[in-house]
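Report on the structure given below.
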Amino acid sequence: GIESPGEAAMGFLACAGYTLVGAGPPAAIFYEFIVSSPFVLLVSLASAFFWVTVLLANSVVWRSLSWMTHQGQTEALRVLPLISFFATEELLRPMVFRQTKRATAALERRAVALRHPRLTKLERMRIFLGIGAGQGVAHSCLFFLNTVVTSYRGTYYNQDTCPQMPYFLVAAISTCAMFMVLSFAMVLTSVVFESAQAGPTMSTSRGGDLRKLLPCALHAAAVLISFLNMAKGGCLVSSVLNALLVGAVVWMAARFVRDLARGVQ
């Protein structure tokens with residue numbers, strides 16, 4: 001039937017609210033830390049393009065398998081692609097770190113040749129934040145923004161698995177959490193990988209190897225929490241756990257930055 005003006009207004013407000021929850025924190029991070037630096041913005045866009053390509057390649061493989069097996073959307077074909085995405089991203093994390101380190105080294109050489117100051121450690125962490133933000137945009141934000149535009153109709157809800165919460169609110173919370181985890185996990189990557197390469201003066205061999213698993217563990221936690229949305233009433237638990245996980249990730253990143261600032265002083 002035809003929507004009344006009140007229903008249309010409520011649908012618009014719901015769509016705006018979901019968008020602010022899901023895309024508000026990512027937009028704030030982009031505005032505060034990325035857009036103000038042309039180089040970091042370029043790195044972030046390149047990162048988003050790279051991770052979109054990786055995810056599309058994985059999607060093609062799993063879509064081909066679903067056609068070949070003629071099984072359609074079984075539970076395995078819903079979960080296994082997510083595990084594949086996670087494994088691929090974590091296998092590529094060391095390569096991304098090495099390539100970023102080479103790029104920053106080349107940038108420093110260029111800066112020295114032009115008699116500009118070298119990059120500080122905080123500026124390097126900002127570059128890694130841009131890479132993580134690009135990964136977060138490719139991983140979750142693009143999908144969320146593509147689906148949230150239909151929320152004004154007010155018809156898409158978790159009626160089967162989680163009728164307690166609107167589908168788009170759960171999607172907004174999950175999107176925001178995944179973006180924050182991926183963004184700050186890349187910042188932690190720059191810290192723990194650097195310290196692991198610094199030798200025994202900064203960390204033991206075993207301790208350095210364990211710290212290198214921290215970004216992977218945070219990413220794995222975010223993926224496992226997202227699986228809860230498939231369970232009956234799981235969206236309530238996943239929303240709370242997502243909020244706690246984001247708080248833990250931001251706290252760890254802030255702690256590393258604080259320790260680094262103290263070391264500089």
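By order of appearance in the structure tokens: chains A, B, ..., then residues from 1 within every chain, and ligands from 1 in the order shown.
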Quick one: everything within 12 Å of segment 85-87 of chain A, counting only C-alpha atoms, minus sequence neighbours fewer than 2 positions away in the same chain. Send it as a PyMOL selection string. chain A and resi 51-62+78-83+89-93+135+138-140+178+182+215-224+226
Please produce an output containing N, CA and C atoms for each residue in the selection, written as a compact mmCIF listing (two decimals), in the first residue's frame.
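This went into part-v6.txt:
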# COMPACT_ATOMS: atom_id res chain seq x y z
N TRP A 51 42.01 -4.63 -0.80
CA TRP A 51 41.22 -5.59 -0.02
C TRP A 51 39.91 -5.92 -0.72
N VAL A 52 39.32 -4.98 -1.45
CA VAL A 52 38.12 -5.30 -2.25
C VAL A 52 38.46 -6.35 -3.29
N THR A 53 39.64 -6.21 -3.93
CA THR A 53 40.07 -7.19 -4.92
C THR A 53 40.24 -8.57 -4.29
N VAL A 54 40.85 -8.61 -3.11
CA VAL A 54 41.05 -9.88 -2.40
C VAL A 54 39.71 -10.53 -2.06
N LEU A 55 38.77 -9.73 -1.54
CA LEU A 55 37.46 -10.27 -1.16
C LEU A 55 36.68 -10.73 -2.39
N LEU A 56 36.79 -9.99 -3.48
CA LEU A 56 36.10 -10.41 -4.70
C LEU A 56 36.66 -11.72 -5.24
N ALA A 57 37.98 -11.87 -5.17
CA ALA A 57 38.60 -13.12 -5.63
C ALA A 57 38.10 -14.30 -4.80
N ASN A 58 38.03 -14.11 -3.48
CA ASN A 58 37.48 -15.17 -2.63
C ASN A 58 36.03 -15.45 -2.96
N SER A 59 35.26 -14.40 -3.21
CA SER A 59 33.84 -14.58 -3.51
C SER A 59 33.64 -15.36 -4.80
N VAL A 60 34.47 -15.09 -5.80
CA VAL A 60 34.35 -15.81 -7.07
C VAL A 60 34.60 -17.30 -6.85
N VAL A 61 35.61 -17.62 -6.04
CA VAL A 61 35.92 -19.03 -5.78
C VAL A 61 34.76 -19.72 -5.10
N TRP A 62 34.20 -19.11 -4.05
CA TRP A 62 33.12 -19.77 -3.31
C TRP A 62 31.82 -19.79 -4.10
N ARG A 78 27.68 -20.71 4.05
CA ARG A 78 27.53 -19.40 4.68
C ARG A 78 28.70 -19.10 5.60
N VAL A 79 29.23 -20.14 6.24
CA VAL A 79 30.28 -19.95 7.24
C VAL A 79 31.67 -20.06 6.62
N LEU A 80 31.87 -21.04 5.75
CA LEU A 80 33.20 -21.26 5.20
C LEU A 80 33.76 -20.07 4.43
N PRO A 81 32.96 -19.35 3.63
CA PRO A 81 33.53 -18.17 2.98
C PRO A 81 34.03 -17.12 3.97
N LEU A 82 33.32 -16.94 5.09
CA LEU A 82 33.77 -15.97 6.09
C LEU A 82 35.10 -16.41 6.69
N ILE A 83 35.24 -17.70 6.96
CA ILE A 83 36.51 -18.22 7.48
C ILE A 83 37.61 -18.05 6.44
N GLU A 89 43.00 -12.73 4.72
CA GLU A 89 43.45 -11.43 5.22
C GLU A 89 44.61 -11.56 6.20
N GLU A 90 44.55 -12.58 7.05
CA GLU A 90 45.63 -12.75 8.03
C GLU A 90 46.91 -13.27 7.38
N LEU A 91 46.79 -14.09 6.36
CA LEU A 91 47.97 -14.54 5.64
C LEU A 91 48.64 -13.39 4.89
N LEU A 92 47.84 -12.43 4.47
CA LEU A 92 48.39 -11.28 3.74
C LEU A 92 48.88 -10.17 4.67
N ARG A 93 48.57 -10.24 5.95
CA ARG A 93 48.96 -9.17 6.88
C ARG A 93 50.48 -8.95 6.93
N GLN A 135 40.98 -1.25 4.80
CA GLN A 135 40.55 -2.63 4.94
C GLN A 135 39.16 -2.70 5.56
N ALA A 138 36.54 -1.73 2.97
CA ALA A 138 36.32 -2.80 2.00
C ALA A 138 35.60 -3.98 2.61
N HIS A 139 35.89 -4.26 3.88
CA HIS A 139 35.37 -5.47 4.53
C HIS A 139 33.91 -5.33 4.93
N SER A 140 33.52 -4.15 5.42
CA SER A 140 32.19 -4.07 6.01
C SER A 140 31.39 -2.84 5.58
N MET A 178 33.53 -4.11 13.27
CA MET A 178 34.53 -4.70 12.38
C MET A 178 35.46 -3.63 11.83
N LEU A 182 39.49 -3.78 12.58
CA LEU A 182 40.45 -3.87 11.49
C LEU A 182 41.36 -2.65 11.43
N PRO A 215 47.02 -8.95 16.64
CA PRO A 215 46.05 -8.47 15.64
C PRO A 215 45.19 -9.59 15.06
N CYS A 216 45.80 -10.75 14.82
CA CYS A 216 45.04 -11.90 14.30
C CYS A 216 43.99 -12.33 15.31
N ALA A 217 44.35 -12.35 16.60
CA ALA A 217 43.40 -12.76 17.64
C ALA A 217 42.21 -11.81 17.72
N LEU A 218 42.47 -10.51 17.60
CA LEU A 218 41.38 -9.53 17.64
C LEU A 218 40.46 -9.70 16.44
N HIS A 219 41.04 -9.91 15.27
CA HIS A 219 40.24 -10.13 14.06
C HIS A 219 39.42 -11.41 14.19
N ALA A 220 40.04 -12.47 14.73
CA ALA A 220 39.33 -13.73 14.92
C ALA A 220 38.17 -13.56 15.90
N ALA A 221 38.38 -12.78 16.94
CA ALA A 221 37.30 -12.54 17.90
C ALA A 221 36.13 -11.84 17.24
N ALA A 222 36.41 -10.86 16.37
CA ALA A 222 35.34 -10.16 15.66
C ALA A 222 34.57 -11.09 14.74
N VAL A 223 35.27 -12.01 14.08
CA VAL A 223 34.62 -12.96 13.19
C VAL A 223 33.74 -13.92 13.98
N LEU A 224 34.26 -14.44 15.09
CA LEU A 224 33.48 -15.36 15.92
C LEU A 224 32.24 -14.69 16.48
N SER A 226 30.60 -12.32 15.05
CA SER A 226 29.64 -12.19 13.94
C SER A 226 28.87 -13.48 13.70
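For Pro26 of chain A, the set of protein, DNA and RNA residues having any atom at most 8 Å away, when counting only C-alpha atoms and skipping those fewer than 6 positions along the same chain, is A:Ala133, A:Cys176, A:Phe179, A:Met180.
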What's the 12 Å shell around Ala248 of chain A, counting only C-alpha atoms, without same-chain residues fewer than 4 positions away, as a VMD selection string? chain A and resid 177 180 to 181 184 to 185 214 218 221 to 222 241 to 244 252 to 255
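Closest approach to Lys121 of chain A among A:Val191, A:Met95, A:Ile173, A:Val249: A:Val191, based on only C-alpha atoms.
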Atom pair atom CA of Leu13 of chain A + atom CA of Pro163 of chain A, distance 20.3 Å
Surrounding residues of Leu129 of chain A excluding itself and chain neighbours under 6 positions, 9 Å, only C-alpha atoms, as a PyMOL selection string: chain A and resi 33-34+40+44+183-187
Requested write-out: N, CA and C atoms of the selected residues, as a PDB file, in the first residue's frame:
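part_31.pdb, written as the output of this step:
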ATOM      1  N   PHE A  33      41.915  11.697  11.097  1.00  0.00           N
ATOM      2  CA  PHE A  33      43.266  11.156  10.950  1.00  0.00           C
ATOM      3  C   PHE A  33      43.707  10.929   9.511  1.00  0.00           C
ATOM      4  N   ILE A  34      42.794  10.842   8.567  1.00  0.00           N
ATOM      5  CA  ILE A  34      43.166  10.401   7.221  1.00  0.00           C
ATOM      6  C   ILE A  34      43.027  11.499   6.178  1.00  0.00           C
ATOM      7  N   VAL A  40      48.335   9.817   3.417  1.00  0.00           N
ATOM      8  CA  VAL A  40      47.589   8.799   4.155  1.00  0.00           C
ATOM      9  C   VAL A  40      46.268   8.504   3.458  1.00  0.00           C
ATOM     10  N   SER A  44      45.135   4.914   2.083  1.00  0.00           N
ATOM     11  CA  SER A  44      43.872   4.322   2.510  1.00  0.00           C
ATOM     12  C   SER A  44      43.036   3.891   1.315  1.00  0.00           C
ATOM     13  N   SER A 183      40.805  -1.474  11.687  1.00  0.00           N
ATOM     14  CA  SER A 183      41.612  -0.253  11.626  1.00  0.00           C
ATOM     15  C   SER A 183      42.686  -0.246  12.703  1.00  0.00           C
ATOM     16  N   PHE A 184      42.287  -0.461  13.947  1.00  0.00           N
ATOM     17  CA  PHE A 184      43.249  -0.382  15.045  1.00  0.00           C
ATOM     18  C   PHE A 184      44.093  -1.648  15.153  1.00  0.00           C
ATOM     19  N   ALA A 185      43.610  -2.773  14.620  1.00  0.00           N
ATOM     20  CA  ALA A 185      44.454  -3.964  14.574  1.00  0.00           C
ATOM     21  C   ALA A 185      45.649  -3.734  13.667  1.00  0.00           C
ATOM     22  N   MET A 186      45.478  -2.947  12.607  1.00  0.00           N
ATOM     23  CA  MET A 186      46.612  -2.633  11.743  1.00  0.00           C
ATOM     24  C   MET A 186      47.594  -1.701  12.449  1.00  0.00           C
ATOM     25  N   VAL A 187      47.086  -0.819  13.300  1.00  0.00           N
ATOM     26  CA  VAL A 187      47.983   0.011  14.118  1.00  0.00           C
ATOM     27  C   VAL A 187      48.785  -0.875  15.065  1.00  0.00           C
TER      28      VAL A 187
END
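Proximity of A:Tyr167, A:Gly132, A:Ser174, A:Phe256 to Ile29 of chain A, computed with only C-alpha atoms, is greatest for A:Gly132.
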Of A:Met125, A:Met10, A:Cys15, A:Ala27, the one sitting nearest Lys101 of chain A when using only C-alpha atoms is A:Met125
Separating atom CA of Glu194 of chain A from atom CA of Val250 of chain A, to the nearest tenth of an Å, is a gap of 19.3 Å
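Nearest residue to Ala171 of chain A among A:Val246, A:Ser239, A:Ala28, A:Ala9 is A:Ser239, counting only C-alpha atoms.
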